[in-house]
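Raw contents of final_18.pdb, PDB, C-alpha atoms and all ligand atoms:
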ATOM      1  CA  MET H   1       0.000   0.000   0.000  1.00  0.00           C
ATOM      2  CA  ILE H   2       2.649   2.508   1.136  1.00  0.00           C
ATOM      3  CA  VAL H   3       4.953   1.251  -1.616  1.00  0.00           C
ATOM      4  CA  GLU H   4       2.230   1.881  -4.228  1.00  0.00           C
ATOM      5  CA  ILE H   5       1.664   5.411  -2.932  1.00  0.00           C
ATOM      6  CA  LEU H   6       5.406   6.116  -3.000  1.00  0.00           C
ATOM      7  CA  GLN H   7       5.639   4.776  -6.549  1.00  0.00           C
ATOM      8  CA  ARG H   8       2.706   6.905  -7.697  1.00  0.00           C
ATOM      9  CA  MET H   9       4.216   9.991  -6.042  1.00  0.00           C
ATOM     10  CA  THR H  10       7.483   9.266  -7.853  1.00  0.00           C
ATOM     11  CA  GLU H  11       5.708   8.758 -11.221  1.00  0.00           C
ATOM     12  CA  GLU H  12       3.696  11.959 -10.787  1.00  0.00           C
ATOM     13  CA  LYS H  13       6.928  13.710  -9.814  1.00  0.00           C
ATOM     14  CA  VAL H  14       5.553  14.781  -6.432  1.00  0.00           C
ATOM     15  CA  VAL H  15       8.947  13.692  -5.110  1.00  0.00           C
ATOM     16  CA  PRO H  16      12.184  13.537  -7.129  1.00  0.00           C
ATOM     17  CA  PRO H  17      12.673  10.013  -8.620  1.00  0.00           C
ATOM     18  CA  SER H  18      15.892   9.301  -6.648  1.00  0.00           C
ATOM     19  CA  LEU H  19      14.224  10.229  -3.343  1.00  0.00           C
ATOM     20  CA  GLY H  20      11.132   8.186  -4.282  1.00  0.00           C
ATOM     21  CA  ASP H  21      13.267   5.102  -4.944  1.00  0.00           C
ATOM     22  CA  GLN H  22      15.165   5.608  -1.700  1.00  0.00           C
ATOM     23  CA  LEU H  23      11.926   5.880   0.275  1.00  0.00           C
ATOM     24  CA  THR H  24      10.475   2.793  -1.439  1.00  0.00           C
ATOM     25  CA  ASN H  25      13.582   0.740  -0.688  1.00  0.00           C
ATOM     26  CA  ALA H  26      13.706   1.938   2.920  1.00  0.00           C
ATOM     27  CA  TRP H  27      10.074   1.002   3.372  1.00  0.00           C
ATOM     28  CA  ARG H  28      10.597  -2.447   1.845  1.00  0.00           C
ATOM     29  CA  GLN H  29      13.545  -3.035   4.222  1.00  0.00           C
ATOM     30  CA  GLN H  30      11.372  -2.046   7.183  1.00  0.00           C
ATOM     31  CA  GLU H  31       8.651  -4.455   6.046  1.00  0.00           C
ATOM     32  CA  GLU H  32      11.226  -7.273   5.741  1.00  0.00           C
ATOM     33  CA  LEU H  33      12.569  -6.504   9.232  1.00  0.00           C
ATOM     34  CA  ILE H  34       9.062  -6.607  10.723  1.00  0.00           C
ATOM     35  CA  ARG H  35       8.391  -9.937   8.956  1.00  0.00           C
ATOM     36  CA  GLN H  36      11.620 -11.433  10.378  1.00  0.00           C
ATOM     37  CA  GLN H  37      10.800 -10.167  13.871  1.00  0.00           C
ATOM     38  CA  GLN H  38       7.328 -11.709  13.687  1.00  0.00           C
ATOM     39  CA  GLU H  39       8.891 -15.022  12.632  1.00  0.00           C
ATOM     40  CA  SER H  40      11.282 -14.899  15.617  1.00  0.00           C
ATOM     41  CA  ILE H  41       8.401 -14.172  18.001  1.00  0.00           C
ATOM     42  CA  GLU H  42       6.451 -17.191  16.664  1.00  0.00           C
ATOM     43  CA  LEU H  43       9.583 -19.367  17.054  1.00  0.00           C
ATOM     44  CA  LEU H  44      10.057 -18.203  20.642  1.00  0.00           C
ATOM     45  CA  LYS H  45       6.393 -18.850  21.432  1.00  0.00           C
ATOM     46  CA  GLU H  46       6.725 -22.410  20.072  1.00  0.00           C
ATOM     47  CA  LEU H  47       9.893 -23.003  22.149  1.00  0.00           C
ATOM     48  CA  LEU H  48       8.102 -21.827  25.298  1.00  0.00           C
ATOM     49  CA  ARG H  49       5.135 -24.088  24.484  1.00  0.00           C
ATOM     50  CA  GLN H  50       7.481 -27.091  24.081  1.00  0.00           C
ATOM     51  CA  GLU H  51       9.281 -26.259  27.326  1.00  0.00           C
ATOM     52  CA  GLY H  52       5.930 -26.027  29.141  1.00  0.00           C
ATOM     53  CA  LYS H  53       4.938 -29.436  27.754  1.00  0.00           C
ATOM     54  CA  LEU H  54       8.248 -30.948  28.934  1.00  0.00           C
ATOM     55  CA  GLU H  55       7.897 -29.418  32.401  1.00  0.00           C
ATOM     56  CA  ASN H  56       4.441 -31.011  32.608  1.00  0.00           C
ATOM     57  CA  LYS H  57       5.983 -34.431  31.982  1.00  0.00           C
ATOM     58  CA  ILE H  58       8.577 -34.445  34.745  1.00  0.00           C
ATOM     59  CA  LEU H  59       8.204 -36.933  37.591  1.00  0.00           C
ATOM     60  CA  LYS H  60      10.104 -35.580  40.594  1.00  0.00           C
ATOM     61  CA  VAL H  61      11.471 -38.306  42.858  1.00  0.00           C
ATOM     62  CA  LYS H  62      12.838 -37.771  46.374  1.00  0.00           C
ATOM     63  CA  PHE H  63      14.925 -40.473  48.050  1.00  0.00           C
ATOM     64  CA  LEU H  64      13.983 -41.288  51.630  1.00  0.00           C
ATOM     65  CA  SER H  65      16.442 -44.143  52.046  1.00  0.00           C
ATOM     66  CA  GLU H  66      19.977 -44.986  50.970  1.00  0.00           C
ATOM     67  CA  LYS H  67      18.607 -48.182  49.471  1.00  0.00           C
ATOM     68  CA  ALA H  68      16.152 -46.352  47.230  1.00  0.00           C
ATOM     69  CA  GLN H  69      16.337 -46.578  43.447  1.00  0.00           C
ATOM     70  CA  LEU H  70      14.803 -44.326  40.824  1.00  0.00           C
ATOM     71  CA  PRO H  71      11.675 -45.826  39.264  1.00  0.00           C
ATOM     72  CA  ARG H  72      12.544 -46.786  35.696  1.00  0.00           C
ATOM     73  CA  TYR H  73      11.108 -48.015  32.436  1.00  0.00           C
ATOM     74  CA  ALA H  74      12.713 -51.355  31.540  1.00  0.00           C
ATOM     75  CA  HIS H  75      12.218 -50.597  27.836  1.00  0.00           C
ATOM     76  CA  GLN H  76      11.547 -47.421  25.912  1.00  0.00           C
ATOM     77  CA  GLY H  77       7.779 -47.069  25.479  1.00  0.00           C
ATOM     78  CA  ASP H  78       6.848 -49.265  28.469  1.00  0.00           C
ATOM     79  CA  SER H  79       3.746 -48.167  30.392  1.00  0.00           C
ATOM     80  CA  GLY H  80       5.007 -48.970  33.849  1.00  0.00           C
ATOM     81  CA  LEU H  81       8.050 -47.787  35.802  1.00  0.00           C
ATOM     82  CA  ASP H  82       9.576 -50.523  37.947  1.00  0.00           C
ATOM     83  CA  LEU H  83       9.454 -49.948  41.707  1.00  0.00           C
ATOM     84  CA  PHE H  84      12.021 -51.494  44.052  1.00  0.00           C
ATOM     85  CA  SER H  85      11.796 -52.678  47.637  1.00  0.00           C
ATOM     86  CA  THR H  86      14.088 -51.089  50.224  1.00  0.00           C
ATOM     87  CA  SER H  87      13.395 -53.748  52.794  1.00  0.00           C
ATOM     88  CA  GLU H  88      13.797 -57.480  53.151  1.00  0.00           C
ATOM     89  CA  THR H  89      10.955 -59.631  54.401  1.00  0.00           C
ATOM     90  CA  VAL H  90       9.273 -63.006  54.010  1.00  0.00           C
ATOM     91  CA  ILE H  91       5.587 -63.119  53.146  1.00  0.00           C
ATOM     92  CA  GLN H  92       3.968 -66.338  54.310  1.00  0.00           C
ATOM     93  CA  PRO H  93       1.297 -68.067  52.172  1.00  0.00           C
ATOM     94  CA  GLY H  94      -2.008 -66.235  52.488  1.00  0.00           C
ATOM     95  CA  GLU H  95      -0.314 -63.250  54.158  1.00  0.00           C
ATOM     96  CA  SER H  96       0.307 -59.723  52.905  1.00  0.00           C
ATOM     97  CA  ALA H  97       2.908 -57.070  53.681  1.00  0.00           C
ATOM     98  CA  LEU H  98       3.384 -53.340  53.120  1.00  0.00           C
ATOM     99  CA  LEU H  99       6.754 -52.836  51.475  1.00  0.00           C
ATOM    100  CA  PRO H 100       8.589 -49.517  51.410  1.00  0.00           C
ATOM    101  CA  THR H 101      10.123 -48.165  48.205  1.00  0.00           C
ATOM    102  CA  GLY H 102      12.226 -45.440  49.825  1.00  0.00           C
ATOM    103  CA  ILE H 103      10.830 -42.754  47.532  1.00  0.00           C
ATOM    104  CA  SER H 104       8.243 -40.018  47.562  1.00  0.00           C
ATOM    105  CA  ILE H 105       7.184 -38.358  44.336  1.00  0.00           C
ATOM    106  CA  GLN H 106       5.733 -35.193  42.837  1.00  0.00           C
ATOM    107  CA  LEU H 107       3.498 -36.067  39.927  1.00  0.00           C
ATOM    108  CA  PRO H 108       2.952 -33.815  36.884  1.00  0.00           C
ATOM    109  CA  PRO H 109      -0.257 -31.729  37.100  1.00  0.00           C
ATOM    110  CA  GLU H 110      -3.538 -33.554  36.472  1.00  0.00           C
ATOM    111  CA  THR H 111      -2.038 -37.039  36.794  1.00  0.00           C
ATOM    112  CA  GLU H 112      -2.156 -39.925  39.231  1.00  0.00           C
ATOM    113  CA  ALA H 113       0.073 -42.966  39.623  1.00  0.00           C
ATOM    114  CA  GLN H 114      -1.295 -46.490  39.654  1.00  0.00           C
ATOM    115  CA  ILE H 115       0.619 -49.254  41.421  1.00  0.00           C
ATOM    116  CA  ARG H 116       0.129 -52.436  39.434  1.00  0.00           C
ATOM    117  CA  PRO H 117       1.358 -56.021  39.882  1.00  0.00           C
ATOM    118  CA  ARG H 118       4.191 -57.604  37.919  1.00  0.00           C
ATOM    119  CA  SER H 119       2.978 -60.525  35.849  1.00  0.00           C
ATOM    120  CA  GLY H 120       6.248 -62.434  36.430  1.00  0.00           C
ATOM    121  CA  LEU H 121       5.759 -62.461  40.210  1.00  0.00           C
ATOM    122  CA  ALA H 122       2.114 -63.426  39.771  1.00  0.00           C
ATOM    123  CA  LEU H 123       2.842 -66.299  37.381  1.00  0.00           C
ATOM    124  CA  LYS H 124       5.930 -67.726  39.075  1.00  0.00           C
ATOM    125  CA  HIS H 125       5.126 -67.080  42.755  1.00  0.00           C
ATOM    126  CA  GLN H 126       1.411 -66.203  42.876  1.00  0.00           C
ATOM    127  CA  VAL H 127       2.453 -62.899  44.440  1.00  0.00           C
ATOM    128  CA  THR H 128       0.426 -59.868  43.443  1.00  0.00           C
ATOM    129  CA  ILE H 129      -0.779 -56.527  44.755  1.00  0.00           C
ATOM    130  CA  LEU H 130      -3.596 -56.709  47.273  1.00  0.00           C
ATOM    131  CA  ASN H 131      -5.195 -53.359  46.412  1.00  0.00           C
ATOM    132  CA  THR H 132      -4.450 -53.322  42.711  1.00  0.00           C
ATOM    133  CA  PRO H 133      -4.274 -50.796  41.235  1.00  0.00           C
ATOM    134  CA  GLY H 134      -3.030 -48.813  44.231  1.00  0.00           C
ATOM    135  CA  THR H 135      -3.771 -45.128  43.844  1.00  0.00           C
ATOM    136  CA  ILE H 136      -1.094 -42.492  44.370  1.00  0.00           C
ATOM    137  CA  ASP H 137      -2.870 -39.146  44.578  1.00  0.00           C
ATOM    138  CA  GLN H 138      -1.456 -36.023  42.939  1.00  0.00           C
ATOM    139  CA  GLY H 139      -0.874 -34.328  46.283  1.00  0.00           C
ATOM    140  CA  TYR H 140       0.553 -37.325  48.173  1.00  0.00           C
ATOM    141  CA  ARG H 141       4.063 -36.612  49.456  1.00  0.00           C
ATOM    142  CA  GLY H 142       4.525 -39.621  51.740  1.00  0.00           C
ATOM    143  CA  GLU H 143       6.589 -42.692  50.965  1.00  0.00           C
ATOM    144  CA  ILE H 144       5.192 -44.899  48.215  1.00  0.00           C
ATOM    145  CA  GLY H 145       4.260 -48.248  49.694  1.00  0.00           C
ATOM    146  CA  VAL H 146       3.420 -51.488  47.898  1.00  0.00           C
ATOM    147  CA  ILE H 147       1.030 -53.998  49.462  1.00  0.00           C
ATOM    148  CA  LEU H 148       2.018 -57.459  48.273  1.00  0.00           C
ATOM    149  CA  ILE H 149      -0.050 -60.584  48.952  1.00  0.00           C
ATOM    150  CA  ASN H 150       1.193 -64.133  48.652  1.00  0.00           C
ATOM    151  CA  HIS H 151      -1.492 -66.351  47.126  1.00  0.00           C
ATOM    152  CA  GLY H 152       1.032 -69.182  46.676  1.00  0.00           C
ATOM    153  CA  LYS H 153       1.724 -72.264  48.751  1.00  0.00           C
ATOM    154  CA  LEU H 154       5.328 -71.312  49.630  1.00  0.00           C
ATOM    155  CA  PRO H 155       6.771 -68.435  51.668  1.00  0.00           C
ATOM    156  CA  PHE H 156       7.945 -65.606  49.390  1.00  0.00           C
ATOM    157  CA  ARG H 157      11.189 -63.796  50.187  1.00  0.00           C
ATOM    158  CA  VAL H 158      11.417 -60.118  49.219  1.00  0.00           C
ATOM    159  CA  GLU H 159      15.005 -58.915  48.866  1.00  0.00           C
ATOM    160  CA  VAL H 160      16.281 -55.335  49.044  1.00  0.00           C
ATOM    161  CA  GLY H 161      16.344 -53.950  45.489  1.00  0.00           C
ATOM    162  CA  MET H 162      13.789 -56.490  44.198  1.00  0.00           C
ATOM    163  CA  LYS H 163      11.347 -55.208  41.573  1.00  0.00           C
ATOM    164  CA  ILE H 164       8.060 -55.558  43.389  1.00  0.00           C
ATOM    165  CA  ALA H 165       5.588 -53.554  41.318  1.00  0.00           C
ATOM    166  CA  GLN H 166       5.205 -51.180  38.423  1.00  0.00           C
ATOM    167  CA  MET H 167       3.881 -47.651  38.509  1.00  0.00           C
ATOM    168  CA  VAL H 168       1.831 -46.223  35.647  1.00  0.00           C
ATOM    169  CA  ILE H 169       1.385 -42.447  35.428  1.00  0.00           C
ATOM    170  CA  THR H 170      -1.900 -41.513  33.879  1.00  0.00           C
ATOM    171  CA  THR H 171      -4.056 -38.438  33.414  1.00  0.00           C
ATOM    172  CA  ILE H 172      -7.077 -37.833  35.598  1.00  0.00           C
ATOM    173  CA  LEU H 173     -10.245 -35.842  35.108  1.00  0.00           C
ATOM    174  CA  SER H 174     -11.402 -33.864  38.122  1.00  0.00           C
ATOM    175  CA  VAL H 175     -15.152 -33.434  37.818  1.00  0.00           C
ATOM    176  CA  GLU H 176     -17.743 -31.146  39.337  1.00  0.00           C
ATOM    177  CA  ILE H 177     -20.428 -32.990  41.328  1.00  0.00           C
ATOM    178  CA  LYS H 178     -24.096 -32.267  40.591  1.00  0.00           C
ATOM    179  CA  ASN H 179     -27.001 -33.913  42.425  1.00  0.00           C
ATOM    180  CA  VAL H 180     -29.859 -34.523  39.909  1.00  0.00           C
ATOM    181  CA  GLU H 181     -33.365 -36.096  39.827  1.00  0.00           C
ATOM    182  CA  GLU H 182     -32.987 -37.839  36.459  1.00  0.00           C
ATOM    183  CA  LEU H 183     -30.220 -39.227  34.293  1.00  0.00           C
ATOM    184  CA  ASP H 184     -30.147 -39.465  30.483  1.00  0.00           C
ATOM    185  CA  GLU H 185     -31.731 -42.676  29.134  1.00  0.00           C
ATOM    186  CA  THR H 186     -29.407 -45.195  27.498  1.00  0.00           C
ATOM    187  CA  HIS H 187     -29.635 -48.462  25.553  1.00  0.00           C
ATOM    188  CA  ARG H 188     -28.082 -50.429  28.447  1.00  0.00           C
ATOM    189  CA  GLY H 189     -30.269 -48.823  31.070  1.00  0.00           C
ATOM    190  CA  LYS H 190     -30.053 -50.690  34.392  1.00  0.00           C
ATOM    191  CA  GLY H 191     -28.715 -53.922  32.862  1.00  0.00           C
ATOM    192  CA  GLY H 192     -25.493 -55.102  34.473  1.00  0.00           C
ATOM    193  CA  PHE H 193     -23.867 -57.882  36.482  1.00  0.00           C
ATOM    194  CA  GLY H 194     -24.170 -60.477  33.704  1.00  0.00           C
ATOM    195  CA  SER H 195     -27.350 -59.102  32.090  1.00  0.00           C
ATOM    196  CA  THR H 196     -25.894 -59.879  28.638  1.00  0.00           C
ATOM    197  CA  GLY H 197     -25.138 -63.509  29.595  1.00  0.00           C
ATOM    198  CA  ILE H 198     -22.191 -65.133  31.288  1.00  0.00           C
TER     199      ILE H 198
HETATM  200  O1  LIG H 201      -0.698 -48.882  47.084  1.00  0.00           O
HETATM  201  C1  LIG H 201      -0.704 -47.749  47.579  1.00  0.00           C
HETATM  202  C2  LIG H 201      -1.879 -47.007  47.760  1.00  0.00           C
HETATM  203  C3  LIG H 201      -1.792 -45.747  48.328  1.00  0.00           C
HETATM  204  N1  LIG H 201      -0.601 -45.218  48.698  1.00  0.00           N
HETATM  205  C4  LIG H 201      -0.519 -43.870  49.254  1.00  0.00           C
HETATM  206  C5  LIG H 201      -0.664 -42.830  48.156  1.00  0.00           C
HETATM  207  C6  LIG H 201      -2.083 -42.395  48.258  1.00  0.00           C
HETATM  208  O2  LIG H 201      -2.244 -41.082  47.770  1.00  0.00           O
HETATM  209  C7  LIG H 201      -2.346 -42.531  49.739  1.00  0.00           C
HETATM  210  C8  LIG H 201      -3.780 -42.803  50.063  1.00  0.00           C
HETATM  211  O3  LIG H 201      -4.199 -43.934  49.347  1.00  0.00           O
HETATM  212  P1  LIG H 201      -5.708 -44.359  49.265  1.00  0.00           P
HETATM  213  O4  LIG H 201      -6.550 -43.187  48.880  1.00  0.00           O
HETATM  214  O5  LIG H 201      -5.815 -45.596  48.484  1.00  0.00           O
HETATM  215  O6  LIG H 201      -5.951 -44.728  50.783  1.00  0.00           O
HETATM  216  P2  LIG H 201      -7.179 -44.629  51.712  1.00  0.00           P
HETATM  217  O7  LIG H 201      -7.285 -45.931  52.396  1.00  0.00           O
HETATM  218  O8  LIG H 201      -8.403 -44.116  51.007  1.00  0.00           O
HETATM  219  O9  LIG H 201      -6.608 -43.606  52.750  1.00  0.00           O
HETATM  220  P3  LIG H 201      -6.779 -42.045  52.880  1.00  0.00           P
HETATM  221  O10 LIG H 201      -7.905 -41.880  53.831  1.00  0.00           O
HETATM  222  O11 LIG H 201      -5.467 -41.603  53.429  1.00  0.00           O
HETATM  223  O12 LIG H 201      -7.044 -41.476  51.523  1.00  0.00           O
HETATM  224  O13 LIG H 201      -1.554 -43.647  50.155  1.00  0.00           O
HETATM  225  C9  LIG H 201       0.578 -45.930  48.496  1.00  0.00           C
HETATM  226  O14 LIG H 201       1.669 -45.476  48.786  1.00  0.00           O
HETATM  227  N2  LIG H 201       0.482 -47.168  47.952  1.00  0.00           N
END
Mind turning the file's structure into structure tokens?
Ligand SMILES: O=c1ccn([C@H]2C[C@H](O)[C@@H](COP(=O)(O)OP(=O)(O)OP(=O)(O)O)O2)c(=O)[nH]1
Amino acid sequence: MIVEILQRMTEEKVVPPSLGDQLTNAWRQQEELIRQQQESIELLKELLRQEGKLENKILKVKFLSEKAQLPRYAHQGDSGLDLFSTSETVIQPGESALLPTGISIQLPPETEAQIRPRSGLALKHQVTILNTPGTIDQGYRGEIGVILINHGKLPFRVEVGMKIAQMVITTILSVEIKNVEELDETHRGKGGFGSTGI
């Protein structure tokens, strides 16, 4: 727009041609500078967005014992982080025990951690988690404990450093509670507990 006006002014000799060209070039340079600055701002915004996303994915772990280990994924892409016992005990058949992990954690916003059994322990020793999945609330800052139960016929020895459970971090939805008289009708209705056959 400005460039067109400058060109017309130059053509109609309102300004001397050399001055007109100078003004047009100066204006074009300004426009280019503004375009580059806008590009840099967009790039910076994107970097900040990425950094925010990364910050939201950090699991902070505090050691409470010298025997503690960082929870870890055995393979890239695994769902669960292995959790390790910091104490040694024997769980008798039919008995359960609360095992310490020596860590407390700070979860990313809007997430919870679920403590799930390890299939290897279940298959080989019939040892699983009593309250599976255990819930670790967002605001919990105490030590993470794992409640193991021995469904097997033999005593089960837990060693220090043994992988006793896995922890899955997952997003949660905090809802607003509303007390109502009626609910929306659905195809399933009140059918449940084997209503479709067993
Ligand atoms: O397997 C588990 C389950 C829970 N917890 C911790 C984290 C969790 O945030 C807190 C409370 O757990 P939960 O809500 O299951 O316990 P509750 O029996 O309802 O106790 P509370 O009244 O303290 O909520 O205990 C564990 O360390 N391991």
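For the pair CA of Phe84 in chain H and CA of Ala113 in chain H, the separation is 15.3 Å.
Contacts with ligand LIG 201 (chain H) are defined as any residue atom within 9 Å of a ligand atom, using all atoms listed in the file; the residues meeting this criterion are Leu98, Pro100, Thr101, Ser104, Glu112, Ala113, Gln114, Ile115, Arg116, Ile129, Leu130, Asn131, Thr132, Pro133, Gly134, Thr135, Ile136, Asp137, Gln138, Gly139, Tyr140, Arg141, Gly142, Glu143, Ile144, Gly145, Val146 and Ile147 of chain H.
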- Item | Distance in Å - CA of Gln7 in chain H versus CA of Trp27 in chain H |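 Between CA of Gln7 in chain H and CA of Trp27 in chain H the gap is 11.5 Å.
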Selection near range 89-93 of chain H, 8 Å with all atoms listed in the file, sequence-local residues under 2 positions removed, as a PDB file with C-alpha atoms, in the frame of the given file:
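Resulting contents of part.pdb:
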ATOM      1  CA  SER H  87      13.395 -53.748  52.794  1.00  0.00           C
ATOM      2  CA  GLU H  95      -0.314 -63.250  54.158  1.00  0.00           C
ATOM      3  CA  SER H  96       0.307 -59.723  52.905  1.00  0.00           C
ATOM      4  CA  ALA H  97       2.908 -57.070  53.681  1.00  0.00           C
ATOM      5  CA  ILE H 149      -0.050 -60.584  48.952  1.00  0.00           C
ATOM      6  CA  ASN H 150       1.193 -64.133  48.652  1.00  0.00           C
ATOM      7  CA  HIS H 151      -1.492 -66.351  47.126  1.00  0.00           C
ATOM      8  CA  GLY H 152       1.032 -69.182  46.676  1.00  0.00           C
ATOM      9  CA  LYS H 153       1.724 -72.264  48.751  1.00  0.00           C
ATOM     10  CA  LEU H 154       5.328 -71.312  49.630  1.00  0.00           C
ATOM     11  CA  PRO H 155       6.771 -68.435  51.668  1.00  0.00           C
ATOM     12  CA  PHE H 156       7.945 -65.606  49.390  1.00  0.00           C
ATOM     13  CA  ARG H 157      11.189 -63.796  50.187  1.00  0.00           C
ATOM     14  CA  VAL H 158      11.417 -60.118  49.219  1.00  0.00           C
ATOM     15  CA  GLU H 159      15.005 -58.915  48.866  1.00  0.00           C
TER      16      GLU H 159
END
- Message: As an exercise, work out the distance from CA of Gly80 in chain H to CA of Gln50 in chain H in Å and give it to one decimal place.
- Response: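 So the answer is 24.1 Å.
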- Item | Selection: 9 Å around Leu81 in chain H, only C-alpha atoms, excl. self and same-chain fewer than 2 positions, as a PyMOL selection string | chain H and resi 71-74+78-79+83+165-169
Could you give me the axis-aligned bounding box of range 168-183 of chain H, with 8 Å of padding per side, as centre plus edge lengths in Å to one decimal, as lines of an AutoDock Vina configuration file?
center_x = -15.8
center_y = -38.7
center_z = 37.9
size_x = 51.2
size_y = 31.1
size_z = 25.0
- Chain and number of each residue from the PyMOL selection byres (((chain H and resi 59-68) around 9) and not hetatm), as a PyMOL selection string: chain H and resi 56-58+69-71+84-87+101-108+143+160-161
Given the selection you just returned, output its residues as a file containing C-alpha atoms, formatted as a short mmCIF file (atom, residue, chain, number, x, y, z; two decimals), in the coordinates of the input.
data_model
loop_
_atom_site.label_atom_id
_atom_site.label_comp_id
_atom_site.auth_asym_id
_atom_site.auth_seq_id
_atom_site.Cartn_x
_atom_site.Cartn_y
_atom_site.Cartn_z
CA ASN H 56 4.44 -31.01 32.61
CA LYS H 57 5.98 -34.43 31.98
CA ILE H 58 8.58 -34.44 34.74
CA GLN H 69 16.34 -46.58 43.45
CA LEU H 70 14.80 -44.33 40.82
CA PRO H 71 11.68 -45.83 39.26
CA PHE H 84 12.02 -51.49 44.05
CA SER H 85 11.80 -52.68 47.64
CA THR H 86 14.09 -51.09 50.22
CA SER H 87 13.40 -53.75 52.79
CA THR H 101 10.12 -48.16 48.20
CA GLY H 102 12.23 -45.44 49.82
CA ILE H 103 10.83 -42.75 47.53
CA SER H 104 8.24 -40.02 47.56
CA ILE H 105 7.18 -38.36 44.34
CA GLN H 106 5.73 -35.19 42.84
CA LEU H 107 3.50 -36.07 39.93
CA PRO H 108 2.95 -33.82 36.88
CA GLU H 143 6.59 -42.69 50.96
CA VAL H 160 16.28 -55.34 49.04
CA GLY H 161 16.34 -53.95 45.49
#
